[in-house]
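Let me begin by presenting the structure, written as structure tokens, before commenting on it.
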Amino acid sequence: MTLFADRVDAGRALARLLEPLRGQGVVVLGLPRGGVPVAYEVAQTLGAPLDVIVVRKLGVPFQPELAMGAIGEGGARVLDHHVLTSVGVPEDDVAEVERRERIELDSRVARLRSGRARVDLTGRVAVVVDDGIATGSTMRVACTVARSLGAARVVAAVPVAPADVVQDLREADEVVCVATPRTFRAVGAHYRDFSSTTDDEVVLLLDAAAARAVPLHPCTAGTDADEDVVIPVGGPARSVTVGAHLYLPEPAVGVVVFAHGSGSSRHSPRNRYVAEVLREAGLGTLLLDLLSPEEELDRSNVFDVELLAGRLVAATRWLQGRPDAASCRIGYFGASTGAAAALWAAAGLGAEISAVVSRGGRPDLARARLAEVRAPTLLIVGGADTAVLDLNRQAAALLRCPQALAVVGCATHLFEEPGALDEVAALARDWFTAHLLRIPPSG
């Protein structure tokens, strides 16, 4: 039985149940990797800091699958004395296993935190989040470690779990679970999309949460728009809507509309990270899906650039119809096939679009309309993405608008290399602030 579209959907459902904790000194701790996208949504809703809680099992030396304890950051150490006594593990052997596992734990923490300090749990309410529970062993250890790190109260929070496991999870002061299906096979069986979460995506979400923790406009934060919206895009003959998330600072001067690439959505961690950087610069953002969930099932729609461009135009018209965005300059940020849609739409809208940025884009798919684009256009490509780099060079030769081609070091198509996405975000920020926030010369 499918309960959730994806981890973002699950996180929002879980966040609704956790709303009573708002303002109670909460720290949200996601279990890497799949628990972090869920935790991100919870942290956003509660206005709480987001961190990871990394734990490592200590396996019995001659029977590694049997846990004799676990370790966490800050020297946290939990031993199962019943197991140690029953199997007779010498202290020296326990110390050796812990030494090896701590090396791995420290390495993983360094990879995920990228230099950020651990959020202090002393006296706080630790909400430990995963994308689901099967046996409960990992969640039990994580809750125990959170308490050993100083948490005054520990809440285990998951979208889905077996009812008996929830009832037996005594390591937490409270367990919050959206659903306990009568028939429980595996966590992933209750998600429509349960694709793997990478370390890079975890880092991006942590970066985005850290950026959001600093108010952009302290004096007017209460009047900013930051909301999920539904946008009609089907035209008069066909009723189609798509989901989106809109952020508008007060006052709003420029808004960047994101057009995702094939196989992605408005929940793309990469686009969300770039959006956070743009928000820090004072820009509004609209992250939207260009297709409905039903339309995505037909893969030909994903590469129908004219269809996608039409959706982008419809979203632009919707945005222009809002009183709080009516006077804003509008830019497009497109990734992969979304970049082609952005350029196609910009060609049709002319001076209504003030800037375009393409990240790892396929502008060649909009070849027939490139000469009509008037908006200043920045093409960003990874230096190691040689085939796409050649396509962007060919497209640049066809553009008649102010343009630039930026090559990011030895980055590959998804800009997964250390620092690559940071450079993309900085390039996009500088391009959009120059063309959307600047005051045009008079006369």
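Convention: chains lettered A, B, ... in structure tokens order; per-chain residue numbering from 1; ligands numbered from 1 as shown.
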Item to complete: Once DSSP has gone over the backbone, tell me which residues of segment 146-303 of chain A are in helix (DSSP H, G or I), as a ChimeraX atom specification.
Response: /A:146-148,163-168,187-190,199-212,221-223,269-280,293-296,299-302
Got time to write the residues from that selection, C-alpha atoms, as a PDB file, in the first residue's frame?
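Writing the result to out.pdb gives the following:
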```
ATOM      1  CA  ALA A 146      21.111  11.536  21.253  1.00  0.00           C
ATOM      2  CA  ARG A 147      20.378  11.219  24.953  1.00  0.00           C
ATOM      3  CA  SER A 148      24.039  10.545  25.738  1.00  0.00           C
ATOM      4  CA  ALA A 163       2.809  -1.033  15.095  1.00  0.00           C
ATOM      5  CA  ASP A 164       4.604  -3.507  17.382  1.00  0.00           C
ATOM      6  CA  VAL A 165       7.991  -1.848  16.812  1.00  0.00           C
ATOM      7  CA  VAL A 166       6.535   1.578  17.616  1.00  0.00           C
ATOM      8  CA  GLN A 167       5.096   0.249  20.867  1.00  0.00           C
ATOM      9  CA  ASP A 168       8.416  -1.307  21.908  1.00  0.00           C
ATOM     10  CA  VAL A 187       9.713   0.784   4.303  1.00  0.00           C
ATOM     11  CA  GLY A 188      10.149   1.384   0.569  1.00  0.00           C
ATOM     12  CA  ALA A 189       6.904  -0.420  -0.252  1.00  0.00           C
ATOM     13  CA  HIS A 190       4.978   2.515   1.193  1.00  0.00           C
ATOM     14  CA  ASP A 199      25.841  11.852   0.440  1.00  0.00           C
ATOM     15  CA  ASP A 200      25.929  14.910  -1.830  1.00  0.00           C
ATOM     16  CA  GLU A 201      22.181  15.382  -1.475  1.00  0.00           C
ATOM     17  CA  VAL A 202      22.498  15.135   2.308  1.00  0.00           C
ATOM     18  CA  VAL A 203      25.173  17.840   2.271  1.00  0.00           C
ATOM     19  CA  LEU A 204      23.035  20.083   0.055  1.00  0.00           C
ATOM     20  CA  LEU A 205      20.048  19.782   2.362  1.00  0.00           C
ATOM     21  CA  LEU A 206      22.172  20.539   5.431  1.00  0.00           C
ATOM     22  CA  ASP A 207      23.658  23.562   3.641  1.00  0.00           C
ATOM     23  CA  ALA A 208      20.203  24.785   2.645  1.00  0.00           C
ATOM     24  CA  ALA A 209      18.896  24.390   6.199  1.00  0.00           C
ATOM     25  CA  ALA A 210      21.902  26.254   7.596  1.00  0.00           C
ATOM     26  CA  ALA A 211      21.361  29.089   5.122  1.00  0.00           C
ATOM     27  CA  ARG A 212      17.697  29.341   6.062  1.00  0.00           C
ATOM     28  CA  ALA A 221      10.537  38.368   7.737  1.00  0.00           C
ATOM     29  CA  GLY A 222       6.926  38.133   8.900  1.00  0.00           C
ATOM     30  CA  THR A 223       5.653  39.550   5.595  1.00  0.00           C
ATOM     31  CA  PRO A 269      18.274  19.124  -3.709  1.00  0.00           C
ATOM     32  CA  ARG A 270      20.562  20.828  -6.233  1.00  0.00           C
ATOM     33  CA  ASN A 271      17.946  23.327  -7.350  1.00  0.00           C
ATOM     34  CA  ARG A 272      16.839  23.896  -3.771  1.00  0.00           C
ATOM     35  CA  TYR A 273      20.414  24.659  -2.765  1.00  0.00           C
ATOM     36  CA  VAL A 274      20.815  27.171  -5.602  1.00  0.00           C
ATOM     37  CA  ALA A 275      17.459  28.691  -4.616  1.00  0.00           C
ATOM     38  CA  GLU A 276      18.677  29.213  -1.054  1.00  0.00           C
ATOM     39  CA  VAL A 277      21.760  31.051  -2.342  1.00  0.00           C
ATOM     40  CA  LEU A 278      19.548  33.280  -4.507  1.00  0.00           C
ATOM     41  CA  ARG A 279      17.278  33.997  -1.546  1.00  0.00           C
ATOM     42  CA  GLU A 280      20.260  35.094   0.522  1.00  0.00           C
ATOM     43  CA  PRO A 293       2.557  13.073 -11.679  1.00  0.00           C
ATOM     44  CA  GLU A 294       0.390  11.332 -14.276  1.00  0.00           C
ATOM     45  CA  GLU A 295       2.132  13.070 -17.181  1.00  0.00           C
ATOM     46  CA  GLU A 296       5.562  12.068 -15.869  1.00  0.00           C
ATOM     47  CA  ARG A 299       8.631   9.592 -20.673  1.00  0.00           C
ATOM     48  CA  SER A 300       8.074  11.320 -24.008  1.00  0.00           C
ATOM     49  CA  ASN A 301       6.623  14.299 -22.110  1.00  0.00           C
ATOM     50  CA  VAL A 302       9.912  14.795 -20.280  1.00  0.00           C
TER      51      VAL A 302
END
```
Exercise for the section: Any chance you could list, as an NGL selection string, the residues in segment 205-438 of chain A that come up strand (DSSP E or B) when DSSP is run on the backbone? Expected result: :A and (225-232 or 241-248 or 254-259 or 284-288 or 329-335 or 353-359 or 377-382 or 403-408)
Since we have the selection now, will you write its residues out, keeping N, CA and C atoms, as a short mmCIF file (atom, residue, chain, number, x, y, z; two decimals), in the first residue's frame?
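Result file is selection_3.cif:
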```cif
data_model
loop_
_atom_site.label_atom_id
_atom_site.label_comp_id
_atom_site.auth_asym_id
_atom_site.auth_seq_id
_atom_site.Cartn_x
_atom_site.Cartn_y
_atom_site.Cartn_z
N ALA A 225 6.52 35.97 1.62
CA ALA A 225 5.70 34.83 1.18
C ALA A 225 6.61 33.62 1.06
N ASP A 226 6.23 32.52 1.68
CA ASP A 226 7.02 31.29 1.64
C ASP A 226 6.02 30.15 1.72
N GLU A 227 5.54 29.68 0.56
CA GLU A 227 4.37 28.80 0.59
C GLU A 227 4.34 27.83 -0.59
N ASP A 228 3.68 26.70 -0.38
CA ASP A 228 3.36 25.78 -1.46
C ASP A 228 2.16 26.33 -2.21
N VAL A 229 2.21 26.23 -3.53
CA VAL A 229 1.12 26.75 -4.35
C VAL A 229 0.78 25.73 -5.43
N VAL A 230 -0.39 25.88 -6.01
CA VAL A 230 -0.82 25.05 -7.14
C VAL A 230 -1.07 26.00 -8.31
N ILE A 231 -0.47 25.69 -9.46
CA ILE A 231 -0.53 26.59 -10.62
C ILE A 231 -1.27 25.92 -11.77
N PRO A 232 -2.31 26.54 -12.31
CA PRO A 232 -2.99 25.99 -13.49
C PRO A 232 -2.14 26.21 -14.74
N THR A 241 -2.96 21.06 -13.44
CA THR A 241 -2.27 21.89 -12.46
C THR A 241 -0.96 21.23 -12.07
N VAL A 242 0.00 22.04 -11.64
CA VAL A 242 1.28 21.52 -11.16
C VAL A 242 1.58 22.12 -9.80
N GLY A 243 2.34 21.38 -8.99
CA GLY A 243 2.74 21.88 -7.69
C GLY A 243 3.96 22.76 -7.79
N ALA A 244 4.09 23.70 -6.84
CA ALA A 244 5.23 24.62 -6.85
C ALA A 244 5.44 25.14 -5.43
N HIS A 245 6.63 25.71 -5.22
CA HIS A 245 6.90 26.41 -3.96
C HIS A 245 7.40 27.80 -4.29
N LEU A 246 6.74 28.78 -3.70
CA LEU A 246 7.04 30.19 -3.97
C LEU A 246 7.63 30.86 -2.74
N TYR A 247 8.73 31.57 -2.96
CA TYR A 247 9.29 32.45 -1.93
C TYR A 247 9.42 33.85 -2.52
N LEU A 248 8.83 34.82 -1.83
CA LEU A 248 8.94 36.22 -2.23
C LEU A 248 9.33 37.06 -1.03
N GLY A 254 12.97 40.96 -7.83
CA GLY A 254 13.25 39.99 -8.88
C GLY A 254 12.90 38.58 -8.42
N VAL A 255 12.40 37.77 -9.34
CA VAL A 255 12.02 36.39 -9.03
C VAL A 255 12.64 35.47 -10.07
N VAL A 256 13.23 34.36 -9.62
CA VAL A 256 13.80 33.37 -10.52
C VAL A 256 12.89 32.15 -10.54
N VAL A 257 12.46 31.77 -11.72
CA VAL A 257 11.61 30.59 -11.91
C VAL A 257 12.50 29.43 -12.32
N PHE A 258 12.41 28.31 -11.62
CA PHE A 258 13.26 27.15 -11.87
C PHE A 258 12.55 26.16 -12.78
N ALA A 259 13.26 25.73 -13.82
CA ALA A 259 12.76 24.69 -14.73
C ALA A 259 13.67 23.48 -14.58
N GLY A 284 13.53 36.47 -5.08
CA GLY A 284 12.45 35.51 -4.90
C GLY A 284 12.70 34.29 -5.76
N THR A 285 12.05 33.18 -5.44
CA THR A 285 12.21 31.95 -6.22
C THR A 285 10.87 31.25 -6.37
N LEU A 286 10.69 30.60 -7.51
CA LEU A 286 9.53 29.75 -7.76
C LEU A 286 10.05 28.42 -8.30
N LEU A 287 10.00 27.39 -7.47
CA LEU A 287 10.40 26.04 -7.90
C LEU A 287 9.14 25.27 -8.23
N LEU A 288 9.03 24.78 -9.45
CA LEU A 288 7.79 24.13 -9.84
C LEU A 288 8.04 22.86 -10.63
N ARG A 329 11.00 41.82 -11.88
CA ARG A 329 11.70 41.29 -13.04
C ARG A 329 11.79 39.78 -12.87
N ILE A 330 11.71 39.05 -13.97
CA ILE A 330 11.66 37.60 -13.91
C ILE A 330 12.85 36.99 -14.64
N GLY A 331 13.47 36.00 -14.00
CA GLY A 331 14.54 35.24 -14.63
C GLY A 331 14.20 33.77 -14.64
N TYR A 332 14.87 33.01 -15.50
CA TYR A 332 14.68 31.56 -15.58
C TYR A 332 16.01 30.87 -15.24
N PHE A 333 15.92 29.84 -14.41
CA PHE A 333 17.06 28.96 -14.14
C PHE A 333 16.67 27.57 -14.61
N GLY A 334 17.35 27.08 -15.65
CA GLY A 334 16.99 25.78 -16.21
C GLY A 334 18.13 24.79 -16.10
N ALA A 335 17.79 23.53 -15.79
CA ALA A 335 18.79 22.47 -15.69
C ALA A 335 18.47 21.39 -16.70
N ILE A 353 11.25 38.58 -19.92
CA ILE A 353 12.23 37.79 -19.17
C ILE A 353 13.54 38.56 -19.16
N SER A 354 14.06 38.79 -17.95
CA SER A 354 15.23 39.67 -17.80
C SER A 354 16.56 38.94 -17.79
N ALA A 355 16.56 37.62 -17.55
CA ALA A 355 17.82 36.86 -17.53
C ALA A 355 17.52 35.37 -17.55
N VAL A 356 18.45 34.61 -18.10
CA VAL A 356 18.35 33.14 -18.14
C VAL A 356 19.70 32.57 -17.71
N VAL A 357 19.66 31.53 -16.88
CA VAL A 357 20.85 30.76 -16.53
C VAL A 357 20.58 29.30 -16.81
N SER A 358 21.51 28.65 -17.49
CA SER A 358 21.41 27.22 -17.82
C SER A 358 22.49 26.47 -17.05
N ARG A 359 22.08 25.43 -16.27
CA ARG A 359 23.05 24.61 -15.53
C ARG A 359 23.11 23.22 -16.17
N THR A 377 21.91 35.71 -21.23
CA THR A 377 21.92 34.27 -20.96
C THR A 377 23.31 33.81 -20.54
N LEU A 378 23.35 33.07 -19.41
CA LEU A 378 24.59 32.48 -18.91
C LEU A 378 24.48 30.96 -19.04
N LEU A 379 25.41 30.35 -19.75
CA LEU A 379 25.47 28.90 -19.89
C LEU A 379 26.57 28.37 -18.98
N ILE A 380 26.20 27.51 -18.01
CA ILE A 380 27.17 26.94 -17.07
C ILE A 380 27.31 25.45 -17.36
N VAL A 381 28.55 25.01 -17.60
CA VAL A 381 28.79 23.61 -17.97
C VAL A 381 30.01 23.10 -17.20
N GLY A 382 29.97 21.83 -16.82
CA GLY A 382 31.12 21.22 -16.18
C GLY A 382 32.22 20.95 -17.20
N GLN A 403 25.52 37.29 -23.69
CA GLN A 403 25.69 35.91 -23.24
C GLN A 403 27.08 35.69 -22.67
N ALA A 404 27.20 34.57 -21.94
CA ALA A 404 28.49 34.14 -21.42
C ALA A 404 28.43 32.63 -21.24
N LEU A 405 29.58 31.98 -21.40
CA LEU A 405 29.71 30.54 -21.17
C LEU A 405 30.72 30.36 -20.04
N ALA A 406 30.29 29.77 -18.93
CA ALA A 406 31.16 29.54 -17.78
C ALA A 406 31.43 28.05 -17.65
N VAL A 407 32.69 27.67 -17.62
CA VAL A 407 33.08 26.27 -17.49
C VAL A 407 33.59 26.05 -16.07
N VAL A 408 32.97 25.11 -15.38
CA VAL A 408 33.31 24.84 -13.97
C VAL A 408 34.32 23.71 -13.90
#
```
Discussion item. Residues within 10 Å of Val52 of chain A, please, as a count of residues only. Count only C-alpha atoms; anything in the same chain fewer than 2 positions from it doesn't count.
Written reply: 23
Could you list, with a cut-off of 9 Å and counting only C-alpha atoms, the residues of segment 78-148 of chain A near segment 10-25 of chain A, each shown with its nearest atom pair and the distance in Å rounded to one decimal, rows sorted by chain and ascending number, as JSON lines?
```
{"residue": "A:Gly123", "atom": "CA", "partner": "A:Gly25", "partner_atom": "CA", "distance": 8.3}
{"residue": "A:Arg124", "atom": "CA", "partner": "A:Gly25", "partner_atom": "CA", "distance": 5.4}
{"residue": "A:Val125", "atom": "CA", "partner": "A:Gly25", "partner_atom": "CA", "distance": 5.9}
{"residue": "A:Ala126", "atom": "CA", "partner": "A:Gly25", "partner_atom": "CA", "distance": 8.7}
{"residue": "A:Asp131", "atom": "CA", "partner": "A:Ala10", "partner_atom": "CA", "distance": 7.7}
```
Based on the selection just made, write C-alpha atoms of those residues as an mmCIF file, in the first residue's frame.
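Produced file result_31.cif, reproduced below:
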```
data_model
loop_
_atom_site.group_PDB
_atom_site.id
_atom_site.type_symbol
_atom_site.label_atom_id
_atom_site.label_comp_id
_atom_site.auth_asym_id
_atom_site.auth_seq_id
_atom_site.Cartn_x
_atom_site.Cartn_y
_atom_site.Cartn_z
ATOM 1 C CA GLY A 123 19.038 20.501 27.319
ATOM 2 C CA ARG A 124 17.279 20.410 23.918
ATOM 3 C CA VAL A 125 14.456 18.307 22.500
ATOM 4 C CA ALA A 126 16.056 15.925 19.984
ATOM 5 C CA ASP A 131 12.207 7.670 6.436
#
```
Neighbouring residues of Ser327 of chain A were defined as those with any atom within 9 Å, considering only C-alpha atoms; residues of the same chain fewer than 4 positions away were excluded. Please report them as a PyMOL selection string. chain A and resi 252-254+320+323
One residue among A:Asp173, A:Glu101, A:Asp385, A:Glu41 is nearest to His413 of chain A when using only C-alpha atoms, and that residue is A:Asp385
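Here atom CA of Asp324 of chain A stands at a distance of 8.1 Å from atom CA of Pro251 of chain A.
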- Task: Mind checking which residues fall within 12 Å of Val313 of chain A, counting only C-alpha atoms, ignoring those fewer than 3 positions away in the same chain, and posting them as a ChimeraX atom specification?
- Result: /A:231-235,257-259,290,306-310,316-320,330-332,341-350,352-353
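With only C-alpha atoms as the atoms that count, the residue of A:Val154, A:Ser114, A:Leu291, A:Val26 with the shortest distance to Arg170 of chain A is A:Val154.
By chain and then residue number, the residues within 12 Å of Ala387 of chain A are Gly360, Gly361, Arg362, Asp364, Val381, Gly382, Gly383, Ala384, Asp390, Leu391, Asn392, Arg393, Gln394, Thr412 and His413 of chain A, counting only C-alpha atoms and disregarding those fewer than 3 positions away in sequence.
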Next on the checklist: What's around Ala95 of chain A at 12 Å? Count only C-alpha atoms, leave out sequence neighbours fewer than 4 positions away in its own chain, and write the answer as a PyMOL selection string.
Outcome noted: chain A and resi 58-61+68-71+77+79+89-91+99-102
